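Structure first, then comments.
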Amino acid sequence: SDTATREEQRHLPADLPEHIQHYIDGELVDSVDGGTFEVLDPVSNETYLRAAAGKKADIDLAVAAARRAFTDGPWPWMLPRERSRVLHRIADLVESQDARLAELESFDSGLPITQALGQARRAAENFRFFADLVVAQADDTYKVPGRQINYVNRKPIGVAGLITPWNTPFMLESWKLGPALATGNTVVLKPAEFTPLSASLWAGIFEEAGLPQGVFNLVNGLGEEAGDALVKHPDVPLISFTGESRTGELIFANAAPYLKGLSMELGGKSPAVVFADADLEAAINATVFGVFSLNGERCTAGSRILVQREVYDEFVERYAAQAERVVVGYPHDERTEVGALVHPEHFDKVMSYVEIGRTEGRLVAGGGRPEGFETGNFVAPTVFADVPPDARIFQEEIFGPVVAITPFDTEEEALELANGVRYGLAAYIWTNDLRRAHTFAQSVEAGMVWLNSNNVRDLRTPFGGVKASGLGHEGGYRSIDFYTDQQAVHITL
Ligand code: NAD
């Protein structure tokens with residue numbers, strides 16, 4: 001890489017657009033006021049395209065189109081099987097262009113290309129999963145003998161507002177689009193402004209799959225403008241949001257006067273707890289992957305590792321050595337394990353935490369820009385040991401390749417440390433004691449727990465966090481519940 005030219009390092013994909021528009025009522029359009037914003041790639045930090053900057057007027061048009069498609073149909077009234085067929089075609093189309101999707105996503109977000117490819121495939125799987133789920137959906141019926149029969153009439157709600165972050169953007173969009181569309185809603189998607197590139201492929205995919213006009217609408221733009229207008233639009237009865245906790249708080253307040261349905265997937269500072277009786281090799285491999293994959297820009301990252309004193313020194317030494325071996329590289333290079341952080345603003349934030357960490361803990365790996373990467377948003381996998389629980393790098397979400405390791409003596413102390421932050425998204429527990437594994441899982445404040453396990457998800461399980469990590473659960477039938485009203489119908493016998 002030392003001899004690579006700047007353009008080789010940047011690896012421009014073929015046929016990059018220079019301008020990205022909104023997609024409203026089946027048409028690609030610019031903003032009503034003609035406004036645009038700049039989009040950078042994270043290796044050169046140069047502007048490579050301008051995207052239409054949506055504001056209230058654009059959101060109004062998109063919501064009106066989605067509302068027409070909902071009230072005039074046919075999408076909400078179609079048989080689940082018919083909608084399911086469209087969703088499977090969407091999955092086929094995503095799969096058939098997974099390499100292109102990965103190339104664009106990796107270029108725009110800085111994710112390693114091999115991991116971006118995995119995320120593209122997960123996006124296809126999300127559509128398949130919800131396509132299957134809606135045809136298998138059974139709703140409750142109750143009988144009071146001789147008096148009444150009651151049944152549940154499940155109905156799509158209307159225009160769903162979907163607001164998504166820049167980490168694994170295409171996959172997270174699919175996680176909302178799949179169930180919202182499968183259940184018969186129409187949507188307005190506001191993707192993250194750092195990474196609008198992969199989202200610009202949705203319109204073509206949906207058209208080719210036969211999704212009726214107006215069912216899917218996309219407005220690009222800043223959160224404070226386009227996102228805010230979507231949250232405050234009276235004809236959008238539900239908002240599914242994934243992003244930072246403080247943005248979630250703001251959206252919660254802004255949606256309150258409209259009493260909207262809200263699903264909030266927010267930040268995390270998830271603990272990985274390693275007991276002395278654990279399979280140390282497996283725990284090290286999984287906890288290295290757990291915080292450094294996806295550049296550490298992962299909501300469920302195990303960014304705090306709590307290690308029992310008996311194995312603490314050995315763990316820290318082996319962990320640091322393994323972190324040093326993680327391959328930092330250009331996002332398009334297949335050998336790369338950690339690429340470039342999404343944006344210079346985010347890079348500065350992560351680097352400021354690395355500096356803070358030097359005063360709060362003992363640096364044992366990384367510590368800033370890796371050698372050979374003088375420009376671009378590259379951060380070496382960074383490990384701090386002996387981090388006290390009141391440290392900022394223990395308490396605050398960094399969302400980059402930075403991990404804090406803290407020792408503990410007893411199970412009670414481990415639990416107190418694990419629960420001693422405002423977040424509660426995921427927890428990872430490593431022990432060979434079955435009783436301890438399950439009692440710890442019961443007491444840990446986390447929406448999702450993995451026992452002796454990598455972060456692998458079954459799409460039927462609930463996904464969501466507790467405390468500042470979110471409100472509500474998606475995943476499996478819970479997503480169906482969020483995107484539908486369940487009307488109770490009572491019949492006298
Ligand atoms: P962010 O909150 O800055 O932005 C997320 C989205 O919200 C963007 O599309 C943004 O434009 C929009 N937005 C910003 N302000 C808004 C406002 N006032 N009104 C309406 N919309 C607004 O988050 P980010 O930096 O893009 O993403 C990283 C965060 O997302 C991290 O905290 C991470 O943990 C979290 N995340 C959570 C999950 C989960 O499932 N729990 C998954 C991925 C990421």
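By convention in this document, the chains of the structure tokens carry letters A, B, ... by their order, each chain's residues are numbered from 1, and ligands are numbered from 1 in the order they are shown.
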
So which residues are near ligand 1, meaning at most 9 Å away with only C-alpha atoms and all ligand atoms counted, given back as a PyMOL selection string? chain A and resi 162-169+172+190-194+220-232+241-248+250-251+254+264-269+297-301+346+397-399+425+463-465+469-470

Every residue of segment 323-389 of chain A that DSSP places in helix (DSSP H, G or I), as a PyMOL selection string: chain A and resi 323-325+344-360

Let's have the selection written as a PDB file, in the first residue's frame, with N, CA and C atoms.
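Output below, filename out-v2.pdb:
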```pdb
ATOM      1  N   ALA A 323      -5.267  -8.316  18.711  1.00  0.00           N
ATOM      2  CA  ALA A 323      -5.758  -7.045  18.164  1.00  0.00           C
ATOM      3  C   ALA A 323      -4.717  -6.432  17.229  1.00  0.00           C
ATOM      4  N   GLU A 324      -3.428  -6.569  17.600  1.00  0.00           N
ATOM      5  CA  GLU A 324      -2.360  -6.037  16.748  1.00  0.00           C
ATOM      6  C   GLU A 324      -2.310  -6.753  15.394  1.00  0.00           C
ATOM      7  N   ARG A 325      -2.786  -8.002  15.368  1.00  0.00           N
ATOM      8  CA  ARG A 325      -2.747  -8.770  14.107  1.00  0.00           C
ATOM      9  C   ARG A 325      -3.935  -8.488  13.195  1.00  0.00           C
ATOM     10  N   PRO A 344     -14.999  12.014   8.294  1.00  0.00           N
ATOM     11  CA  PRO A 344     -13.993  12.679   9.128  1.00  0.00           C
ATOM     12  C   PRO A 344     -14.531  13.158  10.482  1.00  0.00           C
ATOM     13  N   GLU A 345     -15.803  13.568  10.532  1.00  0.00           N
ATOM     14  CA  GLU A 345     -16.373  13.977  11.833  1.00  0.00           C
ATOM     15  C   GLU A 345     -16.392  12.811  12.814  1.00  0.00           C
ATOM     16  N   HIS A 346     -16.774  11.644  12.291  1.00  0.00           N
ATOM     17  CA  HIS A 346     -16.820  10.475  13.165  1.00  0.00           C
ATOM     18  C   HIS A 346     -15.405  10.028  13.538  1.00  0.00           C
ATOM     19  N   PHE A 347     -14.500  10.108  12.573  1.00  0.00           N
ATOM     20  CA  PHE A 347     -13.089   9.797  12.829  1.00  0.00           C
ATOM     21  C   PHE A 347     -12.565  10.675  13.972  1.00  0.00           C
ATOM     22  N   ASP A 348     -12.845  11.978  13.911  1.00  0.00           N
ATOM     23  CA  ASP A 348     -12.377  12.888  14.972  1.00  0.00           C
ATOM     24  C   ASP A 348     -12.956  12.494  16.321  1.00  0.00           C
ATOM     25  N   LYS A 349     -14.216  12.078  16.311  1.00  0.00           N
ATOM     26  CA  LYS A 349     -14.846  11.677  17.573  1.00  0.00           C
ATOM     27  C   LYS A 349     -14.146  10.441  18.149  1.00  0.00           C
ATOM     28  N   VAL A 350     -13.915   9.446  17.300  1.00  0.00           N
ATOM     29  CA  VAL A 350     -13.267   8.220  17.774  1.00  0.00           C
ATOM     30  C   VAL A 350     -11.852   8.529  18.250  1.00  0.00           C
ATOM     31  N   MET A 351     -11.131   9.355  17.483  1.00  0.00           N
ATOM     32  CA  MET A 351      -9.751   9.691  17.870  1.00  0.00           C
ATOM     33  C   MET A 351      -9.724  10.463  19.187  1.00  0.00           C
ATOM     34  N   SER A 352     -10.750  11.270  19.443  1.00  0.00           N
ATOM     35  CA  SER A 352     -10.764  12.012  20.714  1.00  0.00           C
ATOM     36  C   SER A 352     -10.935  11.031  21.873  1.00  0.00           C
ATOM     37  N   TYR A 353     -11.700   9.957  21.655  1.00  0.00           N
ATOM     38  CA  TYR A 353     -11.828   8.950  22.715  1.00  0.00           C
ATOM     39  C   TYR A 353     -10.517   8.192  22.916  1.00  0.00           C
ATOM     40  N   VAL A 354      -9.754   7.997  21.835  1.00  0.00           N
ATOM     41  CA  VAL A 354      -8.457   7.337  21.991  1.00  0.00           C
ATOM     42  C   VAL A 354      -7.554   8.194  22.887  1.00  0.00           C
ATOM     43  N   GLU A 355      -7.619   9.509  22.689  1.00  0.00           N
ATOM     44  CA  GLU A 355      -6.810  10.408  23.528  1.00  0.00           C
ATOM     45  C   GLU A 355      -7.296  10.388  24.978  1.00  0.00           C
ATOM     46  N   ILE A 356      -8.608  10.426  25.154  1.00  0.00           N
ATOM     47  CA  ILE A 356      -9.173  10.361  26.507  1.00  0.00           C
ATOM     48  C   ILE A 356      -8.744   9.051  27.178  1.00  0.00           C
ATOM     49  N   GLY A 357      -8.780   7.964  26.411  1.00  0.00           N
ATOM     50  CA  GLY A 357      -8.435   6.647  26.945  1.00  0.00           C
ATOM     51  C   GLY A 357      -7.024   6.574  27.487  1.00  0.00           C
ATOM     52  N   ARG A 358      -6.113   7.326  26.860  1.00  0.00           N
ATOM     53  CA  ARG A 358      -4.720   7.309  27.332  1.00  0.00           C
ATOM     54  C   ARG A 358      -4.610   7.800  28.772  1.00  0.00           C
ATOM     55  N   THR A 359      -5.527   8.688  29.165  1.00  0.00           N
ATOM     56  CA  THR A 359      -5.488   9.210  30.536  1.00  0.00           C
ATOM     57  C   THR A 359      -6.328   8.356  31.484  1.00  0.00           C
ATOM     58  N   GLU A 360      -7.168   7.476  30.924  1.00  0.00           N
ATOM     59  CA  GLU A 360      -8.093   6.713  31.774  1.00  0.00           C
ATOM     60  C   GLU A 360      -7.683   5.254  31.968  1.00  0.00           C
TER      61      GLU A 360
END
```

Contacts of Gly420 of chain A at 8 Å (only C-alpha atoms; same-chain gap of 3+ positions) as a PDB file with C-alpha atoms, in the first residue's frame:
```
ATOM      1  CA  PRO A 389     -15.935   1.925  35.569  1.00  0.00           C
ATOM      2  CA  GLU A 416     -22.565  -4.576  38.789  1.00  0.00           C
ATOM      3  CA  LEU A 417     -19.967  -3.577  36.195  1.00  0.00           C
TER       4      LEU A 417
END
```

Taking only C-alpha atoms into account, produce a table as JSON lines in which each residue of segment 205-263 of chain A with an atom at most 8 Å from an atom of segment 89-94 of chain A appears once, together with its shortest atom pair and the distance in Å to one decimal, ordered by chain and rising number.
```
{"residue": "A:Ile205", "atom": "CA", "partner": "A:Ile90", "partner_atom": "CA", "distance": 6.3}
{"residue": "A:Phe206", "atom": "CA", "partner": "A:Ile90", "partner_atom": "CA", "distance": 6.4}
{"residue": "A:Ala209", "atom": "CA", "partner": "A:Arg89", "partner_atom": "CA", "distance": 5.3}
```

Just to be explicit: take each residue in the selection above, keep N, CA and C atoms, and write the result as a compact mmCIF listing (two decimals), in the first residue's frame.
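part26.txt, written as the output of this step:
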```txt
# COMPACT_ATOMS: atom_id res chain seq x y z
N ILE A 205 -34.57 -1.58 -7.91
CA ILE A 205 -34.88 -2.94 -7.45
C ILE A 205 -36.40 -3.10 -7.26
N PHE A 206 -37.02 -2.13 -6.61
CA PHE A 206 -38.46 -2.24 -6.33
C PHE A 206 -39.27 -2.16 -7.62
N ALA A 209 -39.05 -5.43 -9.38
CA ALA A 209 -39.76 -6.50 -8.66
C ALA A 209 -41.28 -6.35 -8.77
```

What parts of segment 225-409 of chain A does DSSP call strand (DSSP E)? I'd like the answer as an NGL selection string. :A and (238-242 or 261-265 or 271-274 or 304-308 or 362-365 or 382-385 or 402-408)

Put those residues in a file: N, CA and C atoms, as a compact mmCIF listing (two decimals), in the first residue's frame.
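Written file, part-v6.txt:
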```
# COMPACT_ATOMS: atom_id res chain seq x y z
N LEU A 238 -46.54 6.12 12.10
CA LEU A 238 -45.51 5.38 12.83
C LEU A 238 -44.12 5.66 12.28
N ILE A 239 -43.17 5.69 13.22
CA ILE A 239 -41.77 5.96 12.89
C ILE A 239 -40.93 4.81 13.43
N SER A 240 -40.16 4.19 12.54
CA SER A 240 -39.17 3.23 13.00
C SER A 240 -37.80 3.88 12.84
N PHE A 241 -37.10 4.03 13.95
CA PHE A 241 -35.85 4.77 13.96
C PHE A 241 -34.71 3.89 14.46
N THR A 242 -33.58 3.94 13.79
CA THR A 242 -32.35 3.34 14.31
C THR A 242 -31.28 4.42 14.29
N GLY A 261 -46.81 5.70 16.75
CA GLY A 261 -46.16 4.44 17.09
C GLY A 261 -44.67 4.60 16.87
N LEU A 262 -43.87 4.20 17.85
CA LEU A 262 -42.42 4.41 17.74
C LEU A 262 -41.68 3.10 18.01
N SER A 263 -40.72 2.82 17.17
CA SER A 263 -39.80 1.74 17.44
C SER A 263 -38.40 2.35 17.46
N MET A 264 -37.69 2.16 18.54
CA MET A 264 -36.42 2.85 18.75
C MET A 264 -35.29 1.85 18.96
N GLU A 265 -34.42 1.75 17.98
CA GLU A 265 -33.22 0.91 18.11
C GLU A 265 -32.05 1.85 18.28
N PRO A 271 -21.40 -5.22 27.27
CA PRO A 271 -20.31 -5.92 27.93
C PRO A 271 -20.12 -7.34 27.39
N ALA A 272 -18.86 -7.75 27.34
CA ALA A 272 -18.54 -9.17 27.16
C ALA A 272 -17.90 -9.60 28.48
N VAL A 273 -18.48 -10.58 29.15
CA VAL A 273 -18.02 -10.97 30.47
C VAL A 273 -17.33 -12.33 30.37
N VAL A 274 -16.05 -12.35 30.72
CA VAL A 274 -15.27 -13.57 30.57
C VAL A 274 -14.89 -14.11 31.95
N ARG A 304 -16.99 -3.30 25.90
CA ARG A 304 -16.39 -3.38 27.24
C ARG A 304 -16.16 -4.85 27.53
N ILE A 305 -14.95 -5.23 27.86
CA ILE A 305 -14.70 -6.62 28.19
C ILE A 305 -14.34 -6.71 29.67
N LEU A 306 -15.13 -7.48 30.39
CA LEU A 306 -14.92 -7.67 31.82
C LEU A 306 -14.33 -9.05 32.00
N VAL A 307 -13.16 -9.12 32.67
CA VAL A 307 -12.43 -10.39 32.74
C VAL A 307 -12.12 -10.73 34.19
N GLN A 308 -12.36 -11.98 34.55
CA GLN A 308 -12.13 -12.41 35.93
C GLN A 308 -10.63 -12.41 36.24
N ARG A 362 -4.78 1.82 30.46
CA ARG A 362 -3.42 1.46 30.02
C ARG A 362 -3.53 0.98 28.57
N LEU A 363 -2.88 1.73 27.67
CA LEU A 363 -2.94 1.39 26.25
C LEU A 363 -2.08 0.15 25.99
N VAL A 364 -2.71 -0.92 25.45
CA VAL A 364 -1.94 -2.14 25.18
C VAL A 364 -1.93 -2.53 23.71
N ALA A 365 -2.73 -1.85 22.88
CA ALA A 365 -2.66 -2.08 21.43
C ALA A 365 -3.22 -0.87 20.72
N THR A 382 -7.72 -0.57 18.82
CA THR A 382 -7.13 0.03 20.02
C THR A 382 -7.70 -0.62 21.28
N VAL A 383 -6.79 -1.03 22.17
CA VAL A 383 -7.21 -1.76 23.37
C VAL A 383 -6.67 -1.03 24.61
N PHE A 384 -7.58 -0.70 25.52
CA PHE A 384 -7.19 -0.15 26.81
C PHE A 384 -7.49 -1.17 27.89
N ALA A 385 -6.51 -1.44 28.75
CA ALA A 385 -6.72 -2.33 29.89
C ALA A 385 -6.84 -1.50 31.16
N VAL A 402 -12.37 0.52 19.25
CA VAL A 402 -11.74 0.84 20.54
C VAL A 402 -12.45 0.03 21.63
N VAL A 403 -11.67 -0.66 22.46
CA VAL A 403 -12.28 -1.50 23.48
C VAL A 403 -11.66 -1.23 24.85
N ALA A 404 -12.48 -1.34 25.89
CA ALA A 404 -12.01 -1.14 27.27
C ALA A 404 -12.08 -2.48 28.00
N ILE A 405 -10.97 -2.85 28.66
CA ILE A 405 -10.95 -4.11 29.42
C ILE A 405 -10.82 -3.77 30.91
N THR A 406 -11.63 -4.45 31.72
CA THR A 406 -11.70 -4.17 33.16
C THR A 406 -11.72 -5.49 33.93
N PRO A 407 -10.93 -5.59 35.01
CA PRO A 407 -10.94 -6.84 35.77
C PRO A 407 -12.09 -6.89 36.80
N PHE A 408 -12.50 -8.10 37.17
CA PHE A 408 -13.43 -8.26 38.29
C PHE A 408 -13.06 -9.52 39.06
```

Choose the residue, out of A:Trp77, A:Tyr330, A:Phe127, A:Trp450, that has the smallest atom-to-atom separation from Gly476 of chain A; count only C-alpha atoms.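 Comparing A:Trp77, A:Tyr330, A:Phe127, A:Trp450 against Gly476 of chain A, the winner is A:Phe127.
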
May I ask which of the residues A:Asp390, A:Glu249, A:Asp140, A:Glu208 is the closest one to Gln486 of chain A, counting only C-alpha atoms?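 Of the candidates, the smallest distance to Gln486 of chain A is held by A:Asp140.
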
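Minimum distance to Arg335 of chain A across A:His490, A:Pro145, A:Thr183, A:Pro112 (counting only C-alpha atoms) occurs at A:Pro112.
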
Would you list the contacts of Tyr319 of chain A as a PDB file with C-alpha atoms, in the first residue's frame, taking every protein, DNA or RNA residue within 8 Å and counting only C-alpha atoms, but skipping same-chain residues closer than 3 positions in sequence?
```
ATOM      1  CA  ILE A 284     -10.696 -14.087  22.722  1.00  0.00           C
ATOM      2  CA  VAL A 288     -11.872  -9.527  19.058  1.00  0.00           C
ATOM      3  CA  PHE A 315      -6.345 -12.502  28.626  1.00  0.00           C
ATOM      4  CA  VAL A 316      -5.065  -8.934  28.218  1.00  0.00           C
ATOM      5  CA  GLN A 322      -4.437 -10.602  18.555  1.00  0.00           C
ATOM      6  CA  ALA A 323      -5.758  -7.045  18.164  1.00  0.00           C
TER       7      ALA A 323
END
```

For a test of reading the model, state the distance in Å between atom CA of Ala441 of chain A and atom CA of Glu396 of chain A, rounded to one decimal.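 The value is 22.4 Å.
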
Figure out the distance between atom CA of Ala182 of chain A and atom CA of Leu197 of chain A, please, to one decimal in Å.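 Computing it gives 24.2 Å between the two atoms.
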
Which residues are close to Leu79 of chain A, i.e. within 12 Å by only C-alpha atoms, leaving aside same-chain residues fewer than 4 positions away? Reply as a count of residues only. 13

Extract, using only C-alpha atoms, all DNA, RNA and protein residues at most 10 Å from Pro234 of chain A, discarding same-chain residues fewer than 6 positions from it, and format them as a ChimeraX atom specification. /A:63,255,257-260

Hey, can you spit out that residue selection with C-alpha atoms as a short mmCIF file (atom, residue, chain, number, x, y, z; two decimals), in the first residue's frame?
```
data_model
loop_
_atom_site.label_atom_id
_atom_site.label_comp_id
_atom_site.auth_asym_id
_atom_site.auth_seq_id
_atom_site.Cartn_x
_atom_site.Cartn_y
_atom_site.Cartn_z
CA VAL A 63 -45.89 11.40 2.27
CA ALA A 255 -43.51 12.61 17.87
CA PRO A 257 -47.91 15.53 20.13
CA TYR A 258 -49.01 13.11 17.37
CA LEU A 259 -48.98 10.01 19.62
CA LYS A 260 -47.14 8.06 16.95
#
```

Env of Ser479 of chain A: 10 Å cut, atoms = only C-alpha atoms, seq-sep filter 3 positions within chain, self excluded. Answer as a ChimeraX atom specification. /A:130,175-176,178-180,183,263,460,462-463,472-476,482-484

Given the choices A:Asp409, A:Ala380, A:Arg392, A:Arg100, which gets closest to Tyr312 of chain A if the distance is worked out from only C-alpha atoms?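 So, comparing all the options, the nearest one is A:Asp409.
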
Length of the atom CA of Glu82 of chain A to atom CA of Lys155 of chain A vector [Å]: 15.9 Å
